[in-house]
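Take a look at the structure below.
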Amino acid sequence: RHKFWETQPVGQFKDIGDSSLSEGPIELPTPLSEVKQEPYNLPDHYEWVTCDINSEDMCDEVYNLLAHNYVEDDENMFRFKYSKEFLRWALQPPGYFRSWHIGVRVKSTKKMVAFITGIPARIRVRDEVVHMAEINFLCVHKKLRTKRLAPVMIKEVTRRVHLENMWQAAYTAGVILPTPIATCQYWHRSLNPKKLIDVGFSRLGARMTMSRTIKLYKLPESTVTPGFRKMEIHDVPAVTRLIRTYLSRFVVAPDFDENDVEHWLLPKDDVIDSYLVESPETHEVTDFCSFYTLPSTILGHPSYSLLKAAYSFYNVSTVTPLLQLMNDALIVAKQKDYDVFNALDVMQNETFLRDLKFGPGDGKLHYYLYNYRIRHALKPSELGLVLL
Ligand code: NHW
Ligand code: EN5
């Protein structure tokens, strides 16, 4: 069934329920001198390129490959359209390796036809912090699909991760592979229901009119929580303390330090939005919420071409009820003209999704670890990790 994945150190379907297998690394690291020194062979006429995402031309090429060939929904109505600024942010966290930003070109024309990336991350699994790669943006041009190029891309990024003495990875996908550590559900909160219905993202409910639907999803003009404001650079230490304490309760979560928080959570226009609650009395930071910006191209619609979507990222409530905090997040997203606010059922998100009028989508997201076995699949609420 899975000619490639059967050869890889990942949990296999045949091993599900085998209690003799213990948790942790599947294979031991090999000496660095035994890691293959040359890149894997590509089919004739193709060549590897290490991408410089800071170069305007390279960034353009990657952006265009993804904008035309990356992930679509199951009915091919929408396609993710990561912005260039987003890609630069996603690919250059503290300690990133340029060698993990891997493209494939046609030798003769230099056209970029495939891409895969890794970034370093410290991920805690139960009480062990593991230095991993987060793998993302695997993409093969539509015209080169099903030619087994993806396994070569995956082996090459694995080799380059090994050269940095890292032996585990985390990734997510909409497809089922051997074998998920957790399966999460996408939820969607309409902010601009008329447009969502017009473009086929959602449907008018049974016995619902357009005007009743618009009223159903109406939000207040401004946020309600006293002390709710945008995160600023001087908040990094307080937000780091808040988020570290919060993430310690999940089975799998990133081990963020202040540098990570500054990179991943400090607001960047049209990339990442973060808000916190500073107590008007004590000036303590008690609550935090964030979302990233990932629009989708609307395929083949006469009047609209872009769906503006916000995706829930990391949220922490200690004083403000999570429901109220996320309602404020919806209000700012509406003020900023997003059409929809998306969230997974990870962390404590289930406690607000239904009350805040999110509905389940038709997409699932499966979480995976490479070369690390987990004894039982986790519940989404045991995951404290969100990938982009
Ligand atoms: S998930 C998004 C992936 N990208 C897309 O869906 C974009 C649109 N699709 C495509 O570009 C986020 C192509 O369809 C792709 C497959 C490139 C997906 N992950 O070349 P072939 C990520 O980026 C397996 C892993 O003929 P293709 C996460 C498939 O099961 N494997 O197919 C990426 C089969 O293997 P099998 C996937 O359609 C994580 C083989 O590829 C996959 O032309 C990567 C077929 O290859 C997917 N999303 O190209 C793993 N989709 O064994 C990282 C298909 O079943 C692992 N396949 O025969 C860790 C590495 C680092 C380790 C470090 C220690
Ligand atoms: C790795 N970092 O399928 C990324 N999205 O539900 C790879 N559906 O937007 C991840 N099909 O349900 C890939 N509207 C996995 C995601 C791939 C993209 C994807 C789904 C997630 C999605 C929408 C549109 C469906 C269009 C037809 C959807 C219903 C919304 C409705 C709003 C009102 C309340 C009920 C739900």
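Every chain in the structure tokens takes a letter, A first, then B, and so on in the order presented; its residues are numbered from 1, and the ligands are numbered from 1 following the presented order.
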Can you write out as CSV which residues of chain A fall within 7 Å of ligand 1, alongside each residue's closest atom pair and its distance in Å to one decimal, counting only C-alpha atoms and all ligand atoms and ordering rows by chain and ascending residue number?
```
residue,atom,partner,partner_atom_place_in_ligand_line,distance
A:Arg1,CA,ligand 1,55 (O),6.4
A:His2,CA,ligand 1,52 (O),3.3
A:Lys3,CA,ligand 1,52 (O),4.3
A:Phe4,CA,ligand 1,52 (O),3.3
A:Trp5,CA,ligand 1,52 (O),3.8
A:Glu6,CA,ligand 1,52 (O),6.2
A:Asn69,CA,ligand 1,8 (C),5.9
A:Tyr70,CA,ligand 1,7 (C),3.9
A:Val71,CA,ligand 1,7 (C),4.2
A:Glu72,CA,ligand 1,8 (C),7.0
A:Ile116,CA,ligand 1,23 (O),6.7
A:Ala133,CA,ligand 1,63 (C),5.9
A:Ile135,CA,ligand 1,39 (C),5.5
A:Asn136,CA,ligand 1,23 (O),3.5
A:Phe137,CA,ligand 1,23 (O),3.9
A:Leu138,CA,ligand 1,23 (O),3.7
A:Cys139,CA,ligand 1,11 (O),3.5
A:Val140,CA,ligand 1,11 (O),3.9
A:His141,CA,ligand 1,11 (O),6.1
A:Lys142,CA,ligand 1,11 (O),6.8
A:Leu144,CA,ligand 1,43 (O),6.2
A:Arg145,CA,ligand 1,43 (O),3.1
A:Thr146,CA,ligand 1,26 (O),3.2
A:Lys147,CA,ligand 1,26 (O),4.4
A:Arg148,CA,ligand 1,26 (O),3.3
A:Leu149,CA,ligand 1,20 (O),3.9
A:Ala150,CA,ligand 1,20 (O),3.6
A:Pro151,CA,ligand 1,46 (O),5.6
A:Ile154,CA,ligand 1,60 (C),5.4
A:Lys155,CA,ligand 1,60 (C),6.8
A:Val157,CA,ligand 1,61 (C),5.7
A:Thr158,CA,ligand 1,61 (C),4.1
A:Val161,CA,ligand 1,63 (C),5.2
A:His162,CA,ligand 1,64 (C),6.0
A:Met166,CA,ligand 1,64 (C),5.9
A:Trp167,CA,ligand 1,64 (C),3.9
A:Gln168,CA,ligand 1,64 (C),4.1
A:Ala169,CA,ligand 1,63 (C),4.8
A:Ala170,CA,ligand 1,59 (C),6.7
A:Tyr171,CA,ligand 1,28 (C),5.2
A:Thr172,CA,ligand 1,12 (C),5.4
A:Ala173,CA,ligand 1,1 (S),3.8
A:Gly174,CA,ligand 1,1 (S),6.2
A:Val175,CA,ligand 1,48 (N),6.3
A:Leu177,CA,ligand 1,30 (O),6.1
A:Tyr370,CA,ligand 1,59 (C),5.3
A:Asn371,CA,ligand 1,64 (C),6.8
```
Please, could you write that set of residues out with C-alpha atoms as a PDB file, in the first residue's frame?
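Resulting contents of selection01.pdb:
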```
ATOM      1  CA  ARG A   1       0.000   0.000   0.000  1.00  0.00           C
ATOM      2  CA  HIS A   2       2.641   2.600   1.072  1.00  0.00           C
ATOM      3  CA  LYS A   3       5.763   1.570  -0.867  1.00  0.00           C
ATOM      4  CA  PHE A   4       7.697   4.591   0.435  1.00  0.00           C
ATOM      5  CA  TRP A   5       6.343   5.064   3.947  1.00  0.00           C
ATOM      6  CA  GLU A   6       6.770   1.329   4.722  1.00  0.00           C
ATOM      7  CA  ASN A  69       0.289  24.195  -6.959  1.00  0.00           C
ATOM      8  CA  TYR A  70      -0.071  23.974  -3.150  1.00  0.00           C
ATOM      9  CA  VAL A  71      -2.935  22.608  -1.022  1.00  0.00           C
ATOM     10  CA  GLU A  72      -6.560  22.702  -2.229  1.00  0.00           C
ATOM     11  CA  ILE A 116      10.062  21.284   0.667  1.00  0.00           C
ATOM     12  CA  ALA A 133      12.572  19.630  12.285  1.00  0.00           C
ATOM     13  CA  ILE A 135       8.539  19.922   7.767  1.00  0.00           C
ATOM     14  CA  ASN A 136       6.154  22.012   5.662  1.00  0.00           C
ATOM     15  CA  PHE A 137       5.444  23.372   2.158  1.00  0.00           C
ATOM     16  CA  LEU A 138       6.030  20.075   0.347  1.00  0.00           C
ATOM     17  CA  CYS A 139       4.841  20.836  -3.167  1.00  0.00           C
ATOM     18  CA  VAL A 140       5.267  19.226  -6.585  1.00  0.00           C
ATOM     19  CA  HIS A 141       4.078  21.090  -9.677  1.00  0.00           C
ATOM     20  CA  LYS A 142       0.703  19.771 -10.893  1.00  0.00           C
ATOM     21  CA  LEU A 144       4.861  16.435 -12.330  1.00  0.00           C
ATOM     22  CA  ARG A 145       2.556  14.598  -9.930  1.00  0.00           C
ATOM     23  CA  THR A 146       2.528  10.813  -9.224  1.00  0.00           C
ATOM     24  CA  LYS A 147       6.079  10.342 -10.584  1.00  0.00           C
ATOM     25  CA  ARG A 148       7.460   9.502  -7.092  1.00  0.00           C
ATOM     26  CA  LEU A 149       9.255  12.850  -6.769  1.00  0.00           C
ATOM     27  CA  ALA A 150       7.802  13.427  -3.261  1.00  0.00           C
ATOM     28  CA  PRO A 151       9.733  10.498  -1.691  1.00  0.00           C
ATOM     29  CA  ILE A 154      11.423  13.815   1.725  1.00  0.00           C
ATOM     30  CA  LYS A 155      14.631  11.745   1.717  1.00  0.00           C
ATOM     31  CA  VAL A 157      15.263  17.000   3.530  1.00  0.00           C
ATOM     32  CA  THR A 158      15.780  14.091   5.954  1.00  0.00           C
ATOM     33  CA  VAL A 161      18.251  17.448   8.865  1.00  0.00           C
ATOM     34  CA  HIS A 162      20.518  14.533   9.829  1.00  0.00           C
ATOM     35  CA  MET A 166      18.681  16.079  14.336  1.00  0.00           C
ATOM     36  CA  TRP A 167      16.811  12.776  14.046  1.00  0.00           C
ATOM     37  CA  GLN A 168      13.116  13.537  14.579  1.00  0.00           C
ATOM     38  CA  ALA A 169      10.522  15.637  12.763  1.00  0.00           C
ATOM     39  CA  ALA A 170       6.942  16.855  13.147  1.00  0.00           C
ATOM     40  CA  TYR A 171       4.527  17.520  10.276  1.00  0.00           C
ATOM     41  CA  THR A 172       0.832  17.761   9.521  1.00  0.00           C
ATOM     42  CA  ALA A 173      -1.147  16.780   6.438  1.00  0.00           C
ATOM     43  CA  GLY A 174      -4.727  16.599   5.245  1.00  0.00           C
ATOM     44  CA  VAL A 175      -4.104  13.039   4.009  1.00  0.00           C
ATOM     45  CA  LEU A 177      -0.214   8.479   6.166  1.00  0.00           C
ATOM     46  CA  TYR A 370       9.039  11.054  12.179  1.00  0.00           C
ATOM     47  CA  ASN A 371      11.263   8.587  14.048  1.00  0.00           C
TER      48      ASN A 371
END
```
Kindly assemble as JSON lines a list of the chain A residues that lie within 6 Å of ligand 2, each paired with its nearest atom pair and their distance in Å to one decimal, using only C-alpha atoms and all ligand atoms, sorted first by chain and then by ascending residue number.
```
{"residue": "A:Val71", "atom": "CA", "partner": "ligand 2", "partner_atom_place_in_ligand_line": "17 (C)", "distance": 6.0}
{"residue": "A:Glu72", "atom": "CA", "partner": "ligand 2", "partner_atom_place_in_ligand_line": "18 (C)", "distance": 5.4}
{"residue": "A:Asp73", "atom": "CA", "partner": "ligand 2", "partner_atom_place_in_ligand_line": "3 (O)", "distance": 3.7}
{"residue": "A:Asp74", "atom": "CA", "partner": "ligand 2", "partner_atom_place_in_ligand_line": "11 (N)", "distance": 5.1}
{"residue": "A:Glu75", "atom": "CA", "partner": "ligand 2", "partner_atom_place_in_ligand_line": "11 (N)", "distance": 4.6}
{"residue": "A:Thr172", "atom": "CA", "partner": "ligand 2", "partner_atom_place_in_ligand_line": "1 (C)", "distance": 5.1}
{"residue": "A:Ala173", "atom": "CA", "partner": "ligand 2", "partner_atom_place_in_ligand_line": "7 (C)", "distance": 4.6}
{"residue": "A:Gly174", "atom": "CA", "partner": "ligand 2", "partner_atom_place_in_ligand_line": "15 (C)", "distance": 3.8}
{"residue": "A:Tyr186", "atom": "CA", "partner": "ligand 2", "partner_atom_place_in_ligand_line": "6 (O)", "distance": 4.7}
{"residue": "A:His188", "atom": "CA", "partner": "ligand 2", "partner_atom_place_in_ligand_line": "32 (C)", "distance": 5.2}
{"residue": "A:Arg189", "atom": "CA", "partner": "ligand 2", "partner_atom_place_in_ligand_line": "32 (C)", "distance": 6.0}
{"residue": "A:Ser190", "atom": "CA", "partner": "ligand 2", "partner_atom_place_in_ligand_line": "32 (C)", "distance": 5.6}
{"residue": "A:Phe201", "atom": "CA", "partner": "ligand 2", "partner_atom_place_in_ligand_line": "24 (C)", "distance": 4.4}
{"residue": "A:Ser202", "atom": "CA", "partner": "ligand 2", "partner_atom_place_in_ligand_line": "29 (C)", "distance": 4.5}
{"residue": "A:Phe358", "atom": "CA", "partner": "ligand 2", "partner_atom_place_in_ligand_line": "34 (C)", "distance": 5.7}
{"residue": "A:Gly359", "atom": "CA", "partner": "ligand 2", "partner_atom_place_in_ligand_line": "35 (C)", "distance": 3.6}
{"residue": "A:Pro360", "atom": "CA", "partner": "ligand 2", "partner_atom_place_in_ligand_line": "36 (C)", "distance": 5.1}
{"residue": "A:Gly361", "atom": "CA", "partner": "ligand 2", "partner_atom_place_in_ligand_line": "12 (O)", "distance": 3.1}
{"residue": "A:Asp362", "atom": "CA", "partner": "ligand 2", "partner_atom_place_in_ligand_line": "12 (O)", "distance": 4.1}
{"residue": "A:Gly363", "atom": "CA", "partner": "ligand 2", "partner_atom_place_in_ligand_line": "6 (O)", "distance": 3.5}
{"residue": "A:Leu365", "atom": "CA", "partner": "ligand 2", "partner_atom_place_in_ligand_line": "15 (C)", "distance": 5.4}
{"residue": "A:Leu387", "atom": "CA", "partner": "ligand 2", "partner_atom_place_in_ligand_line": "2 (N)", "distance": 5.5}
{"residue": "A:Leu388", "atom": "CA", "partner": "ligand 2", "partner_atom_place_in_ligand_line": "2 (N)", "distance": 4.6}
```
Limited to N, CA and C atoms, could you put the picked residues into a file as a PDB file, in the first residue's frame?
```pdb
ATOM      1  N   VAL A  71      -1.764  23.359  -1.519  1.00  0.00           N
ATOM      2  CA  VAL A  71      -2.935  22.608  -1.022  1.00  0.00           C
ATOM      3  C   VAL A  71      -4.275  23.208  -1.451  1.00  0.00           C
ATOM      4  N   GLU A  72      -5.180  22.325  -1.908  1.00  0.00           N
ATOM      5  CA  GLU A  72      -6.560  22.702  -2.229  1.00  0.00           C
ATOM      6  C   GLU A  72      -7.508  21.890  -1.349  1.00  0.00           C
ATOM      7  N   ASP A  73      -8.745  22.328  -1.228  1.00  0.00           N
ATOM      8  CA  ASP A  73      -9.762  21.541  -0.519  1.00  0.00           C
ATOM      9  C   ASP A  73     -10.170  20.365  -1.414  1.00  0.00           C
ATOM     10  N   ASP A  74     -10.982  19.474  -0.870  1.00  0.00           N
ATOM     11  CA  ASP A  74     -11.282  18.226  -1.599  1.00  0.00           C
ATOM     12  C   ASP A  74     -12.122  18.450  -2.853  1.00  0.00           C
ATOM     13  N   GLU A  75     -12.743  19.622  -2.999  1.00  0.00           N
ATOM     14  CA  GLU A  75     -13.515  19.888  -4.222  1.00  0.00           C
ATOM     15  C   GLU A  75     -12.816  20.904  -5.136  1.00  0.00           C
ATOM     16  N   THR A 172       2.280  17.976   9.592  1.00  0.00           N
ATOM     17  CA  THR A 172       0.832  17.761   9.521  1.00  0.00           C
ATOM     18  C   THR A 172       0.459  17.607   8.054  1.00  0.00           C
ATOM     19  N   ALA A 173      -0.647  16.916   7.812  1.00  0.00           N
ATOM     20  CA  ALA A 173      -1.147  16.780   6.438  1.00  0.00           C
ATOM     21  C   ALA A 173      -2.648  16.530   6.479  1.00  0.00           C
ATOM     22  N   GLY A 174      -3.293  16.868   5.385  1.00  0.00           N
ATOM     23  CA  GLY A 174      -4.727  16.599   5.245  1.00  0.00           C
ATOM     24  C   GLY A 174      -4.998  15.163   4.847  1.00  0.00           C
ATOM     25  N   TYR A 186     -11.016  20.686  11.468  1.00  0.00           N
ATOM     26  CA  TYR A 186     -11.077  22.133  11.212  1.00  0.00           C
ATOM     27  C   TYR A 186     -12.482  22.646  11.537  1.00  0.00           C
ATOM     28  N   HIS A 188     -14.855  26.432  11.436  1.00  0.00           N
ATOM     29  CA  HIS A 188     -14.898  27.724  10.734  1.00  0.00           C
ATOM     30  C   HIS A 188     -15.951  28.637  11.359  1.00  0.00           C
ATOM     31  N   ARG A 189     -15.579  29.892  11.597  1.00  0.00           N
ATOM     32  CA  ARG A 189     -16.518  30.884  12.125  1.00  0.00           C
ATOM     33  C   ARG A 189     -16.703  31.960  11.043  1.00  0.00           C
ATOM     34  N   SER A 190     -17.910  32.033  10.485  1.00  0.00           N
ATOM     35  CA  SER A 190     -18.196  33.030   9.444  1.00  0.00           C
ATOM     36  C   SER A 190     -18.101  34.437  10.006  1.00  0.00           C
ATOM     37  N   PHE A 201     -18.049  28.670  -0.051  1.00  0.00           N
ATOM     38  CA  PHE A 201     -17.327  28.212   1.144  1.00  0.00           C
ATOM     39  C   PHE A 201     -18.306  27.673   2.177  1.00  0.00           C
ATOM     40  N   SER A 202     -19.477  28.285   2.261  1.00  0.00           N
ATOM     41  CA  SER A 202     -20.504  27.751   3.154  1.00  0.00           C
ATOM     42  C   SER A 202     -21.848  27.834   2.448  1.00  0.00           C
ATOM     43  N   PHE A 358     -18.783  28.610  15.667  1.00  0.00           N
ATOM     44  CA  PHE A 358     -17.954  27.898  14.694  1.00  0.00           C
ATOM     45  C   PHE A 358     -18.745  26.660  14.262  1.00  0.00           C
ATOM     46  N   GLY A 359     -18.552  26.237  13.018  1.00  0.00           N
ATOM     47  CA  GLY A 359     -19.136  24.976  12.548  1.00  0.00           C
ATOM     48  C   GLY A 359     -18.024  24.098  12.002  1.00  0.00           C
ATOM     49  N   PRO A 360     -18.194  22.747  12.086  1.00  0.00           N
ATOM     50  CA  PRO A 360     -17.150  21.849  11.591  1.00  0.00           C
ATOM     51  C   PRO A 360     -16.998  21.950  10.074  1.00  0.00           C
ATOM     52  N   GLY A 361     -15.762  21.933   9.596  1.00  0.00           N
ATOM     53  CA  GLY A 361     -15.498  21.983   8.164  1.00  0.00           C
ATOM     54  C   GLY A 361     -15.464  20.587   7.568  1.00  0.00           C
ATOM     55  N   ASP A 362     -15.169  20.513   6.271  1.00  0.00           N
ATOM     56  CA  ASP A 362     -15.059  19.202   5.615  1.00  0.00           C
ATOM     57  C   ASP A 362     -13.609  18.707   5.617  1.00  0.00           C
ATOM     58  N   GLY A 363     -12.721  19.447   6.262  1.00  0.00           N
ATOM     59  CA  GLY A 363     -11.307  19.065   6.281  1.00  0.00           C
ATOM     60  C   GLY A 363     -10.862  18.567   7.645  1.00  0.00           C
ATOM     61  N   LEU A 365      -7.125  17.501   9.864  1.00  0.00           N
ATOM     62  CA  LEU A 365      -5.680  17.673   9.838  1.00  0.00           C
ATOM     63  C   LEU A 365      -5.055  16.593  10.717  1.00  0.00           C
ATOM     64  N   LEU A 387       0.964  24.041  13.606  1.00  0.00           N
ATOM     65  CA  LEU A 387       1.909  24.301  12.511  1.00  0.00           C
ATOM     66  C   LEU A 387       1.229  25.205  11.492  1.00  0.00           C
ATOM     67  N   LEU A 388       2.029  25.847  10.634  1.00  0.00           N
ATOM     68  CA  LEU A 388       1.466  26.852   9.732  1.00  0.00           C
ATOM     69  C   LEU A 388       0.963  26.221   8.438  1.00  0.00           C
TER      70      LEU A 388
END
```
Listing only residues of stretch 23-55 of chain A within 10 Å of stretch 92-99 of chain A, what is the closest atom pair and its distance in Å (to one decimal) for each, using only C-alpha atoms, sorted by chain and residue number ascending, as JSON lines?
```
{"residue": "A:Val49", "atom": "CA", "partner": "A:Ser99", "partner_atom": "CA", "distance": 9.2}
{"residue": "A:Thr50", "atom": "CA", "partner": "A:Ser99", "partner_atom": "CA", "distance": 5.8}
{"residue": "A:Cys51", "atom": "CA", "partner": "A:Arg98", "partner_atom": "CA", "distance": 7.0}
{"residue": "A:Asp52", "atom": "CA", "partner": "A:Arg98", "partner_atom": "CA", "distance": 6.9}
{"residue": "A:Ile53", "atom": "CA", "partner": "A:Arg98", "partner_atom": "CA", "distance": 8.4}
{"residue": "A:Asn54", "atom": "CA", "partner": "A:Gln92", "partner_atom": "CA", "distance": 9.4}
```
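Closest to A:Arg122 among A:Thr30, A:Glu134, A:Lys379, A:Glu23 is A:Glu134, based on only C-alpha atoms.
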(request) Identify, on the basis of only C-alpha atoms, every residue whose closest approach to stretch 8-14 of chain A does not exceed 9 Å; exclude the query and any residue fewer than 2 positions from it along the same chain; express the result as a list in words. (result) Phe4, Trp5, Glu6, Ile16, Gly17, Asp18, Pro25, Ile26, Glu27, Pro178, Thr179, Pro180, Ile181, Tyr368, Leu369, Tyr370, Asn371, Tyr372, Arg373 and Ile374 of chain A
(request) For A:Tyr338, list every protein, DNA or RNA residue within 10 Å, evaluated using only C-alpha atoms, and leave out those in the same chain fewer than 5 positions away; present the list as a VMD selection string. (result) chain A and resid 190 to 192 293 295 307 to 310 330 332 to 333
(request) With a distance cut-off of 9 Å and only C-alpha atoms, select the neighbouring residues of A:Glu278, excluding the residue or stretch itself and same-chain residues fewer than 5 positions from it, and output the selection as a PyMOL selection string. (result) chain A and resi 226-229+283-287
Writer output for current selection, C-alpha atoms, as a CSV table (one decimal), in the first residue's frame:
```
chain,number,residue,atom,x,y,z
A,226,PRO,CA,-10.8,45.9,29.7
A,227,GLY,CA,-7.1,46.0,29.1
A,228,PHE,CA,-7.3,44.0,25.8
A,229,ARG,CA,-4.5,45.4,23.5
A,283,HIS,CA,-0.6,45.6,35.0
A,284,GLU,CA,0.0,41.9,34.9
A,285,VAL,CA,-0.4,40.1,31.5
A,286,THR,CA,-3.1,37.5,32.3
A,287,ASP,CA,-4.4,36.3,28.9
```
(message) Would you compute the distance between atom CA of A:Ser19 and atom CA of A:Asp345? Give it in Å to one decimal.
(response)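 Interatomic distance here is 27.5 Å.
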(message) What parts of stretch 289-377 of chain A does DSSP call strand (DSSP E)? I'd like the answer as a PyMOL selection string.
(response) chain A and resi 289-293+296-298+306-307+309-312+316-317+340-344+359-370
Those selected residues, please, written with N, CA and C atoms and delivered as an mmCIF file, in the first residue's frame.
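Output file again-v7.cif follows:
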```
data_model
loop_
_atom_site.group_PDB
_atom_site.id
_atom_site.type_symbol
_atom_site.label_atom_id
_atom_site.label_comp_id
_atom_site.auth_asym_id
_atom_site.auth_seq_id
_atom_site.Cartn_x
_atom_site.Cartn_y
_atom_site.Cartn_z
ATOM 1 N N CYS A 289 -4.088 35.938 23.053
ATOM 2 C CA CYS A 289 -4.652 35.203 21.910
ATOM 3 C C CYS A 289 -3.937 35.642 20.626
ATOM 4 N N SER A 290 -3.908 34.768 19.632
ATOM 5 C CA SER A 290 -3.192 35.076 18.397
ATOM 6 C C SER A 290 -3.803 34.333 17.221
ATOM 7 N N PHE A 291 -3.648 34.904 16.047
ATOM 8 C CA PHE A 291 -4.066 34.226 14.817
ATOM 9 C C PHE A 291 -3.130 34.634 13.692
ATOM 10 N N TYR A 292 -2.928 33.699 12.740
ATOM 11 C CA TYR A 292 -2.100 34.020 11.575
ATOM 12 C C TYR A 292 -2.986 34.191 10.348
ATOM 13 N N THR A 293 -2.423 34.877 9.345
ATOM 14 C CA THR A 293 -3.174 35.245 8.144
ATOM 15 C C THR A 293 -2.783 34.339 6.992
ATOM 16 N N SER A 296 -6.827 32.279 0.848
ATOM 17 C CA SER A 296 -6.916 31.253 -0.183
ATOM 18 C C SER A 296 -7.414 31.885 -1.472
ATOM 19 N N THR A 297 -6.862 31.423 -2.592
ATOM 20 C CA THR A 297 -7.411 31.805 -3.895
ATOM 21 C C THR A 297 -8.761 31.117 -4.051
ATOM 22 N N ILE A 298 -9.750 31.853 -4.505
ATOM 23 C CA ILE A 298 -11.048 31.272 -4.846
ATOM 24 C C ILE A 298 -10.958 30.907 -6.316
ATOM 25 N N LEU A 306 -10.220 36.189 -3.819
ATOM 26 C CA LEU A 306 -9.449 35.902 -2.608
ATOM 27 C C LEU A 306 -10.346 35.766 -1.385
ATOM 28 N N LEU A 307 -10.133 34.700 -0.642
ATOM 29 C CA LEU A 307 -10.812 34.480 0.625
ATOM 30 C C LEU A 307 -9.831 34.867 1.731
ATOM 31 N N ALA A 309 -8.654 34.629 5.300
ATOM 32 C CA ALA A 309 -8.875 33.747 6.451
ATOM 33 C C ALA A 309 -7.857 34.004 7.554
ATOM 34 N N ALA A 310 -8.339 34.025 8.795
ATOM 35 C CA ALA A 310 -7.496 34.056 9.998
ATOM 36 C C ALA A 310 -7.509 32.658 10.591
ATOM 37 N N TYR A 311 -6.345 32.194 11.070
ATOM 38 C CA TYR A 311 -6.244 30.869 11.693
ATOM 39 C C TYR A 311 -5.801 31.023 13.142
ATOM 40 N N SER A 312 -6.614 30.495 14.049
ATOM 41 C CA SER A 312 -6.258 30.507 15.476
ATOM 42 C C SER A 312 -4.878 29.889 15.669
ATOM 43 N N VAL A 316 -4.132 31.699 25.444
ATOM 44 C CA VAL A 316 -3.971 31.347 26.857
ATOM 45 C C VAL A 316 -4.905 32.200 27.684
ATOM 46 N N SER A 317 -5.735 31.580 28.507
ATOM 47 C CA SER A 317 -6.572 32.370 29.409
ATOM 48 C C SER A 317 -6.297 31.957 30.842
ATOM 49 N N VAL A 340 -13.372 34.849 7.307
ATOM 50 C CA VAL A 340 -13.621 33.662 8.121
ATOM 51 C C VAL A 340 -12.498 33.510 9.136
ATOM 52 N N PHE A 341 -12.840 32.958 10.290
ATOM 53 C CA PHE A 341 -11.864 32.665 11.347
ATOM 54 C C PHE A 341 -11.861 31.154 11.533
ATOM 55 N N ASN A 342 -10.705 30.515 11.296
ATOM 56 C CA ASN A 342 -10.600 29.067 11.343
ATOM 57 C C ASN A 342 -9.876 28.624 12.606
ATOM 58 N N ALA A 343 -10.207 27.456 13.093
ATOM 59 C CA ALA A 343 -9.522 26.907 14.269
ATOM 60 C C ALA A 343 -9.576 25.387 14.207
ATOM 61 N N LEU A 344 -8.597 24.748 14.845
ATOM 62 C CA LEU A 344 -8.604 23.297 15.024
ATOM 63 C C LEU A 344 -9.138 23.000 16.424
ATOM 64 N N GLY A 359 -18.552 26.237 13.018
ATOM 65 C CA GLY A 359 -19.136 24.976 12.548
ATOM 66 C C GLY A 359 -18.024 24.098 12.002
ATOM 67 N N PRO A 360 -18.194 22.747 12.086
ATOM 68 C CA PRO A 360 -17.150 21.849 11.591
ATOM 69 C C PRO A 360 -16.998 21.950 10.074
ATOM 70 N N GLY A 361 -15.762 21.933 9.596
ATOM 71 C CA GLY A 361 -15.498 21.983 8.164
ATOM 72 C C GLY A 361 -15.464 20.587 7.568
ATOM 73 N N ASP A 362 -15.169 20.513 6.271
ATOM 74 C CA ASP A 362 -15.059 19.202 5.615
ATOM 75 C C ASP A 362 -13.609 18.707 5.617
ATOM 76 N N GLY A 363 -12.721 19.447 6.262
ATOM 77 C CA GLY A 363 -11.307 19.065 6.281
ATOM 78 C C GLY A 363 -10.862 18.567 7.645
ATOM 79 N N LYS A 364 -9.929 17.614 7.627
ATOM 80 C CA LYS A 364 -9.287 17.143 8.856
ATOM 81 C C LYS A 364 -7.793 17.435 8.728
ATOM 82 N N LEU A 365 -7.125 17.501 9.864
ATOM 83 C CA LEU A 365 -5.680 17.673 9.838
ATOM 84 C C LEU A 365 -5.055 16.593 10.717
ATOM 85 N N HIS A 366 -4.185 15.781 10.109
ATOM 86 C CA HIS A 366 -3.513 14.697 10.819
ATOM 87 C C HIS A 366 -2.122 15.185 11.227
ATOM 88 N N TYR A 367 -1.741 14.887 12.470
ATOM 89 C CA TYR A 367 -0.424 15.253 13.000
ATOM 90 C C TYR A 367 0.464 14.006 13.013
ATOM 91 N N TYR A 368 1.747 14.208 12.642
ATOM 92 C CA TYR A 368 2.695 13.099 12.547
ATOM 93 C C TYR A 368 4.024 13.440 13.212
ATOM 94 N N LEU A 369 4.690 12.414 13.718
ATOM 95 C CA LEU A 369 6.089 12.521 14.132
ATOM 96 C C LEU A 369 6.895 11.531 13.292
ATOM 97 N N TYR A 370 8.107 11.929 12.913
ATOM 98 C CA TYR A 370 9.039 11.054 12.179
ATOM 99 C C TYR A 370 10.080 10.544 13.168
#
```
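Note that atom CA of A:Ser305 and atom CA of A:Ser211 are 23.7 Å apart.
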(message) Can you pull out the residues contacting A:Glu38? Cut-off 12 Å, using only C-alpha atoms, and skip same-chain residues under 2 positions away; I want them as a list in words.
(response)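 What passes the distance filter is Glu34, Val35, Lys36, Tyr40, Asn41, Leu42, Trp48, Lys155, Glu156, Arg159, Arg160 and Leu163 of chain A.
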(message) Please list as a PyMOL selection string every residue within 12 Å of A:Asp255, counting only C-alpha atoms and excluding residues in the same chain fewer than 3 positions away.
(response) chain A and resi 120-132+240-241+243-252+258-261+384-385
(request) Considering only C-alpha atoms, state which residue in the set A:Val346, A:Val236, A:Leu265, A:Val224 is at the smallest distance from A:Gln324. (result)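 Among the listed residues, A:Val224 lies closest to A:Gln324.
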(message) What does the structure give for the distance between atom CA of A:Glu164 and atom CA of A:Ala114, in Å to one decimal?
(response)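 Atom CA of A:Ala114 lies at a distance of 22.6 Å from atom CA of A:Glu164.
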